[in-house]
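Okay, target05.txt now, which holds compact mmCIF, C-alpha atoms:
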# COMPACT_ATOMS: atom_id res chain seq x y z
CA GLN F 1 -12.70 -14.81 11.37
CA LYS F 2 -11.88 -12.27 8.69
CA THR F 3 -10.19 -13.26 5.48
CA ALA F 4 -7.05 -11.64 4.18
CA TYR F 5 -9.16 -9.65 1.75
CA GLU F 6 -11.34 -8.13 4.44
CA ILE F 7 -8.19 -7.25 6.35
CA TYR F 8 -6.68 -5.51 3.34
CA GLN F 9 -9.77 -3.42 2.72
CA CYS F 10 -9.98 -2.47 6.39
CA ASP F 11 -6.32 -1.52 6.41
CA TRP F 12 -6.27 0.66 3.36
CA SER F 13 -9.77 1.57 2.24
CA SER F 14 -12.04 1.76 5.25
CA ASP F 15 -13.62 4.86 3.74
CA VAL F 16 -14.70 2.84 0.70
CA CYS F 17 -15.69 -0.55 2.14
CA SER F 18 -16.42 -2.09 5.50
CA SER F 19 -16.31 -5.72 6.55
CA ASP F 20 -19.80 -5.12 7.99
CA LEU F 21 -21.12 -4.10 4.54
CA GLU F 22 -22.34 -6.85 2.24
CA VAL F 23 -20.58 -6.52 -1.11
CA SER F 24 -21.28 -8.76 -4.09
CA ASP F 25 -19.54 -9.12 -7.43
CA PRO F 26 -21.25 -12.09 -9.12
CA LEU F 27 -19.28 -11.74 -12.35
CA LEU F 28 -15.95 -11.82 -10.54
CA VAL F 29 -16.93 -14.78 -8.37
CA ALA F 30 -18.25 -16.69 -11.39
CA MET F 31 -14.97 -16.15 -13.23
CA LEU F 32 -13.02 -17.45 -10.25
CA LYS F 33 -15.24 -20.53 -10.14
CA ARG F 34 -14.59 -21.21 -13.84
CA HIS F 35 -10.84 -21.36 -13.12
CA ASP F 36 -10.01 -19.38 -16.26
CA GLU F 37 -6.97 -17.23 -15.49
CA ALA F 38 -6.98 -15.50 -18.87
CA GLU F 39 -10.64 -14.51 -18.55
CA LEU F 40 -10.06 -13.12 -15.06
CA ALA F 41 -7.00 -11.18 -16.17
CA ARG F 42 -8.93 -9.66 -19.09
CA GLU F 43 -11.74 -8.54 -16.79
CA LEU F 44 -9.34 -6.92 -14.33
CA ARG F 45 -7.54 -5.14 -17.16
CA LEU F 46 -10.86 -3.87 -18.53
CA ARG F 47 -11.86 -2.50 -15.13
CA LEU F 48 -8.49 -0.82 -14.81
CA ALA F 49 -8.74 0.66 -18.31
CA ARG F 50 -12.21 2.05 -17.65
CA GLU F 51 -11.27 3.64 -14.33
CA GLY F 52 -7.65 4.65 -14.71
CA LEU F 53 -5.07 3.51 -12.17
CA ALA F 54 -5.88 5.90 -9.31
CA SER F 55 -9.63 5.31 -9.37
CA PHE F 56 -9.12 1.58 -9.84
CA VAL F 57 -6.97 1.39 -6.70
CA LEU F 58 -9.12 3.69 -4.59
CA ASN F 59 -12.64 2.82 -5.71
CA LYS F 60 -12.66 -0.58 -7.44
CA VAL F 61 -10.06 -2.75 -5.74
CA PRO F 62 -11.49 -2.45 -2.18
CA PRO F 63 -14.99 -3.67 -3.12
CA MET F 64 -13.48 -6.52 -5.15
CA LEU F 65 -11.32 -7.58 -2.20
CA THR F 66 -14.32 -7.47 0.10
CA ALA F 67 -16.55 -9.37 -2.34
CA VAL F 68 -13.98 -12.14 -2.73
CA GLY F 69 -13.42 -12.32 1.02
CA GLN F 70 -17.13 -12.51 1.76
CA ALA F 71 -17.63 -15.14 -0.94
CA TRP F 72 -15.00 -17.25 0.81
CA ALA F 73 -16.72 -16.71 4.16
CA ARG F 74 -19.96 -18.04 2.62
CA SER F 75 -18.02 -21.04 1.24
CA ASP F 76 -18.74 -19.86 -2.30
CA LEU F 77 -15.00 -19.74 -3.03
CA GLU F 78 -12.09 -21.96 -2.08
CA VAL F 79 -8.84 -20.65 -0.62
CA PHE F 80 -6.97 -21.43 -3.85
CA GLU F 81 -9.51 -19.33 -5.77
CA GLU F 82 -8.87 -16.42 -3.41
CA HIS F 83 -5.16 -16.85 -4.00
CA LEU F 84 -5.66 -16.84 -7.77
CA PHE F 85 -7.53 -13.55 -7.55
CA SER F 86 -4.80 -12.02 -5.41
CA GLU F 87 -2.05 -13.02 -7.81
CA GLN F 88 -3.97 -11.87 -10.89
CA LEU F 89 -4.62 -8.52 -9.22
CA ARG F 90 -0.94 -8.17 -8.40
CA SER F 91 -0.03 -9.02 -11.98
CA VAL F 92 -2.39 -6.41 -13.42
CA LEU F 93 -1.08 -3.76 -11.03
CA HIS F 94 2.52 -4.59 -11.98
CA GLU F 95 1.61 -4.21 -15.66
CA ALA F 96 0.09 -0.80 -14.96
CA LEU F 97 3.14 0.32 -12.99
CA ALA F 98 5.43 -0.74 -15.83
CA GLN F 99 3.54 1.55 -18.21
CA LEU F 100 3.98 4.68 -16.09
CA PRO F 101 6.69 7.21 -16.97
CA PRO F 102 9.95 6.79 -15.07
CA ALA F 103 9.85 8.13 -11.54
CA GLY F 104 11.75 11.23 -10.56
CA GLU F 105 14.63 11.28 -8.14
CA SER F 106 12.50 12.30 -5.19
CA PRO F 107 10.78 11.66 -2.98
CA ARG F 108 12.45 8.30 -2.43
CA VAL F 109 10.13 6.03 -0.44
CA LEU F 110 11.12 2.75 1.14
CA LEU F 111 8.21 0.29 1.54
CA THR F 112 8.19 -2.72 3.81
CA THR F 113 6.66 -4.39 6.86
CA LEU F 114 8.17 -5.46 10.16
CA PRO F 115 8.93 -9.10 10.99
CA GLY F 116 5.69 -10.93 11.72
CA GLU F 117 3.73 -9.00 9.08
CA PRO F 118 3.60 -11.04 5.84
CA HIS F 119 0.89 -9.02 4.05
CA SER F 120 2.14 -6.69 1.34
CA LEU F 121 -0.81 -6.04 -0.98
CA GLY F 122 -1.51 -2.75 0.81
CA LEU F 123 2.04 -1.69 0.06
CA LEU F 124 1.55 -2.49 -3.62
CA LEU F 125 -1.63 -0.40 -3.73
CA SER F 126 0.25 2.43 -2.04
CA GLN F 127 3.06 2.04 -4.54
CA ALA F 128 0.66 2.53 -7.43
CA LEU F 129 -0.67 5.80 -6.01
CA LEU F 130 2.76 7.09 -5.10
CA ARG F 131 4.08 6.39 -8.58
CA LEU F 132 1.27 8.57 -9.87
CA GLU F 133 2.62 11.30 -7.58
CA GLY F 134 6.06 10.95 -9.19
CA ALA F 135 7.66 9.21 -6.22
CA LEU F 136 10.47 6.68 -6.55
CA CYS F 137 9.93 3.56 -4.49
CA ILE F 138 12.30 1.05 -2.97
CA PHE F 139 10.08 -1.98 -2.40
CA LEU F 140 11.71 -4.38 0.07
CA GLY F 141 8.69 -6.64 0.41
CA PRO F 142 7.42 -7.84 3.78
CA GLN F 143 9.13 -8.73 7.05
CA THR F 144 12.33 -6.71 7.01
CA PRO F 145 14.23 -6.67 10.33
CA GLU F 146 14.21 -3.30 12.08
CA SER F 147 17.96 -2.79 11.77
CA GLN F 148 17.80 -3.61 8.05
CA ILE F 149 15.04 -1.07 7.48
CA VAL F 150 17.31 1.58 8.94
CA ALA F 151 20.28 0.32 6.90
CA ALA F 152 18.23 0.27 3.69
CA ALA F 153 16.95 3.80 4.30
CA GLU F 154 20.55 4.99 4.55
CA ALA F 155 21.77 2.95 1.58
CA TYR F 156 19.00 4.16 -0.73
CA HIS F 157 18.91 7.73 0.64
CA ALA F 158 15.22 7.35 1.47
CA ASP F 159 13.14 10.44 2.22
CA ILE F 160 10.26 8.37 3.60
CA VAL F 161 9.99 4.96 5.21
CA ALA F 162 6.47 3.51 4.95
CA LEU F 163 5.45 0.56 7.11
CA SER F 164 2.23 -1.46 6.84
CA PHE F 165 0.43 -3.21 9.71
CA SER F 166 -2.50 -5.51 8.97
CA GLU F 167 -5.04 -6.53 11.58
CA TYR F 168 -3.05 -9.68 12.20
CA PHE F 169 -0.05 -7.76 13.50
CA PRO F 170 -0.04 -7.84 17.33
CA VAL F 171 -0.49 -4.45 18.94
CA ALA F 172 1.62 -5.54 21.88
CA GLY F 173 5.18 -4.47 21.17
CA MET F 174 4.21 -2.57 18.01
CA ARG F 175 4.88 0.85 19.52
CA ASP F 176 8.31 -0.25 20.72
CA SER F 177 9.17 -1.64 17.27
CA ILE F 178 8.08 1.56 15.56
CA GLN F 179 10.02 3.61 18.10
CA ARG F 180 13.21 1.63 17.45
CA VAL F 181 12.91 2.23 13.72
CA ARG F 182 12.21 5.92 14.32
CA ASP F 183 15.20 6.22 16.64
CA GLY F 184 17.45 4.59 14.06
CA LEU F 185 16.43 6.89 11.22
CA PRO F 186 17.86 10.36 10.67
CA ALA F 187 15.50 13.16 11.67
CA ARG F 188 15.15 14.21 8.03
CA VAL F 189 13.56 10.85 7.08
CA LEU F 190 9.79 10.72 7.50
CA LEU F 191 8.32 7.56 9.03
CA TRP F 192 4.79 6.71 7.91
CA CYS F 193 2.72 3.83 9.31
CA GLY F 194 -0.53 2.54 7.86
CA GLY F 195 -2.95 -0.29 8.47
CA ARG F 196 -5.59 -1.32 10.95
CA SER F 197 -3.20 -2.27 13.74
CA ALA F 198 -1.25 0.96 13.37
CA ARG F 199 -4.43 2.96 13.74
CA ARG F 200 -5.03 1.32 17.10
CA LEU F 201 -2.21 3.35 18.55
CA ARG F 202 -3.88 5.99 20.68
CA LYS F 203 -0.98 8.32 20.01
CA PRO F 204 1.85 7.52 17.59
CA PRO F 205 5.43 7.84 18.77
CA GLU F 206 6.92 11.27 18.25
CA GLY F 207 8.03 11.79 14.69
CA VAL F 208 5.66 9.16 13.25
CA ARG F 209 2.81 9.92 10.86
CA LEU F 210 -0.18 7.61 10.64
CA LEU F 211 -1.85 6.81 7.31
CA ALA F 212 -5.60 6.48 7.71
CA ALA F 213 -6.47 5.75 4.06
CA LEU F 214 -4.88 5.34 0.66
CA SER F 215 -6.64 8.48 -0.50
CA GLU F 216 -4.34 10.55 1.74
CA ILE F 217 -1.14 9.61 -0.07
CA GLY F 218 -1.19 12.51 -2.52
CA GLU F 219 -1.91 14.92 0.31
CA GLY F 220 0.99 13.45 2.27
CA ILE F 221 3.43 13.90 -0.60
CA SER F 222 2.31 17.51 -1.04
CA ALA F 223 2.69 18.18 2.69
CA GLY F 224 6.18 16.67 2.69
CA ARG F 225 7.26 18.76 -0.27
CA ALA F 226 5.85 21.82 1.42
CA GLY F 227 7.94 21.04 4.48
CA ALA F 228 11.02 20.73 2.31
CA THR F 229 10.54 24.19 0.82
CA GLY F 230 8.95 26.02 3.74
CA VAL F 231 6.02 27.08 1.54
CA SER F 232 2.42 25.93 1.98
CA PRO F 233 0.90 23.70 -0.73
CA ALA F 234 -1.62 26.43 -1.52
CA ASP F 235 1.28 28.72 -2.35
CA GLY F 236 2.85 26.22 -4.71
CA ALA F 237 5.08 24.48 -2.18
CA ALA F 238 6.12 21.73 -4.54
CA ASN F 239 7.89 24.15 -6.88
CA ASP F 240 11.32 25.68 -6.67
CA SER F 241 12.25 29.09 -8.05
CA ASP F 242 12.23 27.70 -11.60
CA GLY F 243 8.76 26.22 -11.18
CA ARG F 244 10.09 22.66 -11.00
CA ALA F 245 9.17 20.06 -8.40
CA ALA F 246 11.06 20.38 -5.13
CA PRO F 247 13.94 17.87 -5.14
CA ALA F 248 13.34 16.13 -1.82
CA LEU F 249 11.27 15.73 1.28
CA SER F 250 12.70 16.61 4.64
CA GLY F 251 11.68 17.19 8.23
CA VAL F 252 9.52 15.07 10.51
CA ASP F 253 5.77 15.56 10.89
CA GLN F 254 3.85 14.19 13.83
CA GLY F 255 0.34 12.97 14.30
CA SER F 256 -1.38 13.59 10.94
CA ASP F 257 -2.63 10.77 8.77
CA GLN F 258 -0.46 10.37 5.70
CA GLY F 259 1.58 7.66 4.00
CA GLY F 260 2.99 6.19 0.82
CA SER F 261 5.60 4.85 -1.59
CA GLY F 262 6.55 4.94 -5.32
CA GLN F 263 8.66 3.28 -8.03
CA ASP F 264 10.90 0.36 -7.10
CA ALA F 265 14.52 1.45 -7.42
CA ASN F 266 15.57 -2.16 -7.82
CA ASN F 267 12.70 -3.28 -10.08
CA GLN F 268 12.09 -0.58 -12.64
CA ASP F 269 8.76 -2.16 -13.56
CA GLY F 270 7.58 -1.44 -10.02
CA SER F 271 7.16 -5.12 -9.24
CA ASP F 272 6.35 -6.42 -5.77
CA GLN F 273 8.91 -8.62 -4.03
CA ARG F 274 7.13 -11.24 -1.96
CA SER F 275 8.46 -13.67 0.60
Representation of the structure as structure tokens:
Amino acid sequence: QKTAYEIYQCDWSSDVCSSDLEVSDPLLVAMLKRHDEAELARELRLRLAREGLASFVLNKVPPMLTAVGQAWARSDLEVFEEHLFSEQLRSVLHEALAQLPPAGESPRVLLTTLPGEPHSLGLLLSQALLRLEGALCIFLGPQTPESQIVAAAEAYHADIVALSFSEYFPVAGMRDSIQRVRDGLPARVLLWCGGRSARRLRKPPEGVRLLAALSEIGEGISAGRAGATGVSPADGAANDSDGRAAPALSGVDQGSDQGGSGQDANNQDGSDQRS
């Protein structure tokens, strides 16, 4: 049985790590065994400082998640030690988000999961990358009812709704749930789905874009801005006639692998809201 950490890395960083690949991080595991929160936090901050936020999320977090998950599977770590790592990682990511410049007005991205999906770390990792793209994020946390996702998208004038599906989320009924959300959203609002279960869909519902990896978020934002202006990214699609960023995303793309989110409109420090 896979741990939550293996699930997260499969969902969001399968191009970096695999649950079939043995990953070790003796220093990290030793720190967790010493039960020193301050020491662990310092080490995570140092790794973030050395890499920068984007590289930390894309290249360093997935192996750490896998190493911790595999250490648990070998009985080298307890569940509470896994939980400590998760919370310290969240804390460090929130600190990094708080230090970013204020997000722009667009794109506005609403991040959540459907009922039955409690995992939200993938959304937080997406949020970090989207903030680096200048996106503004409305982070609802996990398990928002379908009708409330639609209502929140309208209330916050969302340009994109991004849903996450871990391996635990049952495939049965998933397509129908996604379709109901899609049907409730205006055509101008993009619907992005990411995660291992979402990728099991042989063909996404019309008007839904699948996110295969976190590394595609920047590409997805560029593609959306290009659609808003009718100009290809290679031709400077993200700029208006004054050379400024295009004000919003519009239109619905089907079938390509994109996804994302940005700054929390309710929590200006970009903090995650957990159930």
Among listed residues F:Leu97, F:Leu111, F:Ile149, F:Leu46, nearest Arg131 (chain F) (using all atoms listed in the file): F:Leu97
Residues within 9 Å of Ser24 (chain F), all atoms listed in the file, excluding chain neighbours under 5 positions, as a PyMOL selection string: chain F and resi 29+63-64+66-68+70-71
Using only C-alpha atoms, pick whichever of F:Leu93, F:Leu140, F:Ile160, F:Ala54 has the shortest atom-to-atom distance to Ser106 (chain F). F:Ile160
Per-residue nearest contacts region 71-128 of chain F to region 192-209 of chain F, cut-off 10 Å, using all atoms listed in the file, as a tab-separated table:
residue	atom	partner	partner_atom	distance
F:Val109	CA	F:Trp192	CA	9.9
F:Leu111	CA	F:Trp192	CA	9.7
F:Thr113	CA	F:Cys193	CA	9.4
F:Gly122	CA	F:Gly195	CA	8.2
F:Leu123	CA	F:Gly194	CA	9.2
F:Ser126	CA	F:Gly194	CA	9.9
Among listed residues F:Cys137, F:Leu40, F:Ala162, F:Met31, nearest Pro102 (chain F) (using only C-alpha atoms):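 The shortest atom-to-atom distance to Pro102 (chain F) comes from F:Cys137.
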Between CA of Tyr156 (chain F) and CA of Ala135 (chain F), distance in Å (one decimal): 13.6 Å
Go ahead and compute the interatomic distance for CA of Phe139 (chain F) and CA of Leu65 (chain F), in Å to one decimal.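 So the two atoms, CA of Phe139 (chain F) and CA of Leu65 (chain F), lie 22.1 Å apart.
If you look at CA of Arg188 (chain F) and CA of Leu125 (chain F), they are 25.2 Å away from each other.
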Quick one: everything within 12 Å of Leu77 (chain F), counting all atoms listed in the file, minus sequence neighbours fewer than 3 positions away in the same chain. Send it as a PDB file with C-alpha atoms, in the coordinates of the input.
ATOM      1  CA  THR F   3     -10.190 -13.260   5.480  1.00  0.00           C
ATOM      2  CA  PRO F  26     -21.250 -12.090  -9.120  1.00  0.00           C
ATOM      3  CA  LEU F  28     -15.950 -11.820 -10.540  1.00  0.00           C
ATOM      4  CA  VAL F  29     -16.930 -14.780  -8.370  1.00  0.00           C
ATOM      5  CA  ALA F  30     -18.250 -16.690 -11.390  1.00  0.00           C
ATOM      6  CA  MET F  31     -14.970 -16.150 -13.230  1.00  0.00           C
ATOM      7  CA  LEU F  32     -13.020 -17.450 -10.250  1.00  0.00           C
ATOM      8  CA  LYS F  33     -15.240 -20.530 -10.140  1.00  0.00           C
ATOM      9  CA  ARG F  34     -14.590 -21.210 -13.840  1.00  0.00           C
ATOM     10  CA  HIS F  35     -10.840 -21.360 -13.120  1.00  0.00           C
ATOM     11  CA  ALA F  67     -16.550  -9.370  -2.340  1.00  0.00           C
ATOM     12  CA  VAL F  68     -13.980 -12.140  -2.730  1.00  0.00           C
ATOM     13  CA  GLY F  69     -13.420 -12.320   1.020  1.00  0.00           C
ATOM     14  CA  GLN F  70     -17.130 -12.510   1.760  1.00  0.00           C
ATOM     15  CA  ALA F  71     -17.630 -15.140  -0.940  1.00  0.00           C
ATOM     16  CA  TRP F  72     -15.000 -17.250   0.810  1.00  0.00           C
ATOM     17  CA  ALA F  73     -16.720 -16.710   4.160  1.00  0.00           C
ATOM     18  CA  ARG F  74     -19.960 -18.040   2.620  1.00  0.00           C
ATOM     19  CA  PHE F  80      -6.970 -21.430  -3.850  1.00  0.00           C
ATOM     20  CA  GLU F  81      -9.510 -19.330  -5.770  1.00  0.00           C
ATOM     21  CA  GLU F  82      -8.870 -16.420  -3.410  1.00  0.00           C
ATOM     22  CA  HIS F  83      -5.160 -16.850  -4.000  1.00  0.00           C
ATOM     23  CA  LEU F  84      -5.660 -16.840  -7.770  1.00  0.00           C
ATOM     24  CA  PHE F  85      -7.530 -13.550  -7.550  1.00  0.00           C
TER      25      PHE F  85
END
Counting all atoms listed in the file, select every polymer residue within 12 Å of (-9.4, -2.1, -16.1) as defined in the file's coordinates, and provide the selection as a PDB file with C-alpha atoms, keeping the file's coordinate frame.
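Result written to result-v7.pdb:
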ATOM      1  CA  LEU F  40     -10.060 -13.120 -15.060  1.00  0.00           C
ATOM      2  CA  ALA F  41      -7.000 -11.180 -16.170  1.00  0.00           C
ATOM      3  CA  ARG F  42      -8.930  -9.660 -19.090  1.00  0.00           C
ATOM      4  CA  GLU F  43     -11.740  -8.540 -16.790  1.00  0.00           C
ATOM      5  CA  LEU F  44      -9.340  -6.920 -14.330  1.00  0.00           C
ATOM      6  CA  ARG F  45      -7.540  -5.140 -17.160  1.00  0.00           C
ATOM      7  CA  LEU F  46     -10.860  -3.870 -18.530  1.00  0.00           C
ATOM      8  CA  ARG F  47     -11.860  -2.500 -15.130  1.00  0.00           C
ATOM      9  CA  LEU F  48      -8.490  -0.820 -14.810  1.00  0.00           C
ATOM     10  CA  ALA F  49      -8.740   0.660 -18.310  1.00  0.00           C
ATOM     11  CA  ARG F  50     -12.210   2.050 -17.650  1.00  0.00           C
ATOM     12  CA  GLU F  51     -11.270   3.640 -14.330  1.00  0.00           C
ATOM     13  CA  GLY F  52      -7.650   4.650 -14.710  1.00  0.00           C
ATOM     14  CA  LEU F  53      -5.070   3.510 -12.170  1.00  0.00           C
ATOM     15  CA  ALA F  54      -5.880   5.900  -9.310  1.00  0.00           C
ATOM     16  CA  SER F  55      -9.630   5.310  -9.370  1.00  0.00           C
ATOM     17  CA  PHE F  56      -9.120   1.580  -9.840  1.00  0.00           C
ATOM     18  CA  VAL F  57      -6.970   1.390  -6.700  1.00  0.00           C
ATOM     19  CA  ASN F  59     -12.640   2.820  -5.710  1.00  0.00           C
ATOM     20  CA  LYS F  60     -12.660  -0.580  -7.440  1.00  0.00           C
ATOM     21  CA  VAL F  61     -10.060  -2.750  -5.740  1.00  0.00           C
ATOM     22  CA  LEU F  89      -4.620  -8.520  -9.220  1.00  0.00           C
ATOM     23  CA  VAL F  92      -2.390  -6.410 -13.420  1.00  0.00           C
ATOM     24  CA  LEU F  93      -1.080  -3.760 -11.030  1.00  0.00           C
ATOM     25  CA  GLU F  95       1.610  -4.210 -15.660  1.00  0.00           C
ATOM     26  CA  ALA F  96       0.090  -0.800 -14.960  1.00  0.00           C
TER      27      ALA F  96
END
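When only C-alpha atoms are used to measure the gap to Gln99 (chain F), the shortest distance among F:Ser222, F:Ala128, F:Phe169, F:Glu117 belongs to F:Ala128.
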Which one is closest to His157 (chain F): F:Pro118, F:Glu105, F:Gln88, F:Arg182? Count all atoms listed in the file.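 With all atoms listed in the file as the atom set, the closest residue is F:Glu105.
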Under the rule that all atoms listed in the file are counted, which of F:Val150, F:Leu114, F:Val161, F:Ala223 is the nearest residue to Asp176 (chain F)?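 The shortest atom-to-atom distance to Asp176 (chain F) comes from F:Leu114.
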